[in-house]
file final04.pdb (PDB, C-alpha atoms, pLDDT in the B column)
ATOM      1  CA  MET A   1      -0.652  27.204  -5.811  1.00 71.00           C
ATOM      2  CA  ALA A   2       0.932  25.979  -2.564  1.00 85.00           C
ATOM      3  CA  GLU A   3       1.005  22.278  -1.776  1.00 89.00           C
ATOM      4  CA  PRO A   4      -1.237  21.173   1.097  1.00 86.00           C
ATOM      5  CA  SER A   5       0.357  20.402   4.435  1.00 91.00           C
ATOM      6  CA  TYR A   6       0.487  16.954   6.003  1.00 91.00           C
ATOM      7  CA  GLU A   7      -2.328  17.872   8.404  1.00 91.00           C
ATOM      8  CA  GLU A   8      -4.509  19.150   5.563  1.00 89.00           C
ATOM      9  CA  LEU A   9      -3.975  15.927   3.635  1.00 90.00           C
ATOM     10  CA  LYS A  10      -4.825  13.815   6.696  1.00 89.00           C
ATOM     11  CA  ALA A  11      -8.013  15.833   7.219  1.00 91.00           C
ATOM     12  CA  ARG A  12      -8.971  15.386   3.563  1.00 90.00           C
ATOM     13  CA  ILE A  13      -8.381  11.612   3.748  1.00 89.00           C
ATOM     14  CA  ALA A  14     -10.527  11.392   6.889  1.00 87.00           C
ATOM     15  CA  GLU A  15     -13.291  13.333   5.139  1.00 86.00           C
ATOM     16  CA  LEU A  16     -13.185  11.048   2.092  1.00 84.00           C
ATOM     17  CA  GLU A  17     -13.239   7.931   4.279  1.00 80.00           C
ATOM     18  CA  LYS A  18     -16.393   9.212   5.985  1.00 79.00           C
ATOM     19  CA  GLN A  19     -18.028   9.758   2.609  1.00 77.00           C
ATOM     20  CA  SER A  20     -17.119   6.270   1.383  1.00 68.00           C
ATOM     21  CA  GLY A  21     -18.332   4.497   4.508  1.00 58.00           C
ATOM     22  CA  THR A  22     -20.054   1.806   2.413  1.00 46.00           C
ATOM     23  CA  ARG A  23     -16.709   0.247   1.673  1.00 50.00           C
ATOM     24  CA  ARG A  24     -16.058  -0.818   5.245  1.00 56.00           C
ATOM     25  CA  SER A  25     -19.642  -1.381   6.323  1.00 62.00           C
ATOM     26  CA  GLY A  26     -19.945  -4.730   4.558  1.00 76.00           C
ATOM     27  CA  LYS A  27     -22.726  -3.368   2.363  1.00 90.00           C
ATOM     28  CA  LEU A  28     -22.590  -4.475  -1.252  1.00 93.00           C
ATOM     29  CA  GLU A  29     -22.538  -1.804  -3.943  1.00 94.00           C
ATOM     30  CA  PHE A  30     -23.286  -2.349  -7.630  1.00 96.00           C
ATOM     31  CA  ARG A  31     -21.948  -0.265 -10.516  1.00 96.00           C
ATOM     32  CA  VAL A  32     -22.104  -0.460 -14.293  1.00 96.00           C
ATOM     33  CA  GLY A  33     -18.769   0.135 -15.994  1.00 95.00           C
ATOM     34  CA  GLU A  34     -18.037   1.894 -19.285  1.00 94.00           C
ATOM     35  CA  LYS A  35     -17.969  -1.395 -21.191  1.00 95.00           C
ATOM     36  CA  GLY A  36     -21.253  -2.622 -19.703  1.00 96.00           C
ATOM     37  CA  GLY A  37     -19.917  -4.931 -17.022  1.00 96.00           C
ATOM     38  CA  VAL A  38     -21.662  -4.989 -13.661  1.00 97.00           C
ATOM     39  CA  SER A  39     -19.281  -4.787 -10.712  1.00 97.00           C
ATOM     40  CA  VAL A  40     -20.038  -5.782  -7.135  1.00 96.00           C
ATOM     41  CA  TYR A  41     -18.040  -3.939  -4.500  1.00 94.00           C
ATOM     42  CA  GLY A  42     -17.818  -4.994  -0.886  1.00 92.00           C
ATOM     43  CA  LEU A  43     -17.097  -8.704  -1.224  1.00 90.00           C
ATOM     44  CA  GLY A  44     -13.356  -8.313  -0.842  1.00 90.00           C
ATOM     45  CA  ARG A  45     -10.447  -6.110  -1.722  1.00 90.00           C
ATOM     46  CA  PHE A  46     -11.305  -5.983  -5.409  1.00 94.00           C
ATOM     47  CA  PRO A  47     -14.673  -5.796  -7.161  1.00 95.00           C
ATOM     48  CA  VAL A  48     -16.203  -8.784  -8.932  1.00 96.00           C
ATOM     49  CA  THR A  49     -17.139  -7.812 -12.477  1.00 97.00           C
ATOM     50  CA  LEU A  50     -19.213  -9.867 -14.902  1.00 97.00           C
ATOM     51  CA  TYR A  51     -21.344  -9.041 -17.920  1.00 97.00           C
ATOM     52  CA  TYR A  52     -25.139  -9.344 -17.872  1.00 97.00           C
ATOM     53  CA  GLU A  53     -25.195 -12.801 -19.471  1.00 97.00           C
ATOM     54  CA  GLN A  54     -22.613 -14.079 -16.966  1.00 97.00           C
ATOM     55  CA  TRP A  55     -24.600 -12.767 -13.975  1.00 97.00           C
ATOM     56  CA  ILE A  56     -27.754 -14.442 -15.328  1.00 97.00           C
ATOM     57  CA  ARG A  57     -25.931 -17.783 -15.774  1.00 97.00           C
ATOM     58  CA  LEU A  58     -24.496 -17.527 -12.272  1.00 97.00           C
ATOM     59  CA  LEU A  59     -27.853 -16.647 -10.707  1.00 97.00           C
ATOM     60  CA  ASP A  60     -29.610 -19.410 -12.649  1.00 97.00           C
ATOM     61  CA  ASN A  61     -27.185 -21.867 -11.065  1.00 97.00           C
ATOM     62  CA  ALA A  62     -27.330 -20.408  -7.543  1.00 97.00           C
ATOM     63  CA  SER A  63     -28.777 -23.579  -6.002  1.00 97.00           C
ATOM     64  CA  GLU A  64     -26.021 -25.744  -7.524  1.00 97.00           C
ATOM     65  CA  LEU A  65     -23.385 -23.269  -6.338  1.00 95.00           C
ATOM     66  CA  HIS A  66     -24.826 -23.265  -2.835  1.00 94.00           C
ATOM     67  CA  GLU A  67     -24.870 -27.082  -2.809  1.00 93.00           C
ATOM     68  CA  PHE A  68     -21.275 -27.226  -4.051  1.00 91.00           C
ATOM     69  CA  LEU A  69     -20.108 -24.784  -1.378  1.00 89.00           C
ATOM     70  CA  GLU A  70     -21.823 -26.733   1.396  1.00 89.00           C
ATOM     71  CA  GLU A  71     -20.350 -30.041   0.187  1.00 87.00           C
ATOM     72  CA  ASN A  72     -16.826 -28.653   0.053  1.00 87.00           C
ATOM     73  CA  LYS A  73     -17.173 -26.821   3.362  1.00 85.00           C
ATOM     74  CA  ALA A  74     -17.839 -30.147   5.067  1.00 77.00           C
ATOM     75  CA  GLU A  75     -14.687 -31.613   3.514  1.00 76.00           C
ATOM     76  CA  GLY A  76     -12.570 -28.724   4.727  1.00 78.00           C
ATOM     77  CA  LYS A  77     -11.571 -27.669   1.213  1.00 76.00           C
ATOM     78  CA  LEU A  78     -12.739 -24.063   1.502  1.00 79.00           C
ATOM     79  CA  LYS A  79     -10.861 -21.302   3.283  1.00 79.00           C
ATOM     80  CA  LEU A  80     -13.271 -20.075   5.932  1.00 76.00           C
ATOM     81  CA  LYS A  81     -12.945 -17.000   8.132  1.00 73.00           C
ATOM     82  CA  GLU A  82     -12.914 -17.806  11.799  1.00 69.00           C
ATOM     83  CA  LYS A  83     -15.441 -15.755  13.732  1.00 57.00           C
TER      84      LYS A  83
END
call {"tool": "encode", "arguments": {"input": "final04.pdb", "output": "structure tokens"}}
result
Amino acid sequence: MAEPSYEELKARIAELEKQSGTRRSGKLEFRVGEKGGVSVYGLGRFPVTLYYEQWIRLLDNASELHEFLEENKAEGKLKLKEK
């Protein structure tokens, strides 16, 4: 079996990037891993993976997290993207 040429590889990469458009669209994607962890893709370079109980604890404390983020944003402690 002959190895693909540079042009063929570039075409294949372009095709795969079109198929995985969700990655760059900013849309969040959720997946369940082999060990039962739920991963969120699309937040950054790497997925965020927690188990069910951890997601529930985090979501139960969403208002406190939001409050904490707002307090620390005002103090300039968080790294914020400039728009």
call {"tool": "residues_around", "arguments": {"input": "final04.pdb", "residues": "Trp55 in chain A", "least_positions_apart": "4", "cutoff": "12 Å", "atoms": "all atoms listed in the file", "output": "PyMOL selection string"}}
result
chain A and resi 37-40+48-51+59-62
call {"tool": "atom_distance", "arguments": {"input": "final04.pdb", "atom1": "CA of Ala14 in chain A", "atom2": "CA of Gly33 in chain A"}}
result
26.8 Å
call {"tool": "atom_distance", "arguments": {"input": "final04.pdb", "atom1": "CA of Leu43 in chain A", "atom2": "CA of Glu29 in chain A"}}
result
9.2 Å
call {"tool": "atom_distance", "arguments": {"input": "final04.pdb", "atom1": "CA of Leu78 in chain A", "atom2": "CA of Leu58 in chain A"}}
result
19.3 Å
call {"tool": "resolve_selection", "arguments": {"input": "final04.pdb", "expression": "the PyMOL selection byres ((chain A and resi 44) around 12)", "output": "PyMOL selection string"}}
result
chain A and resi 23-29+40-43+45-48
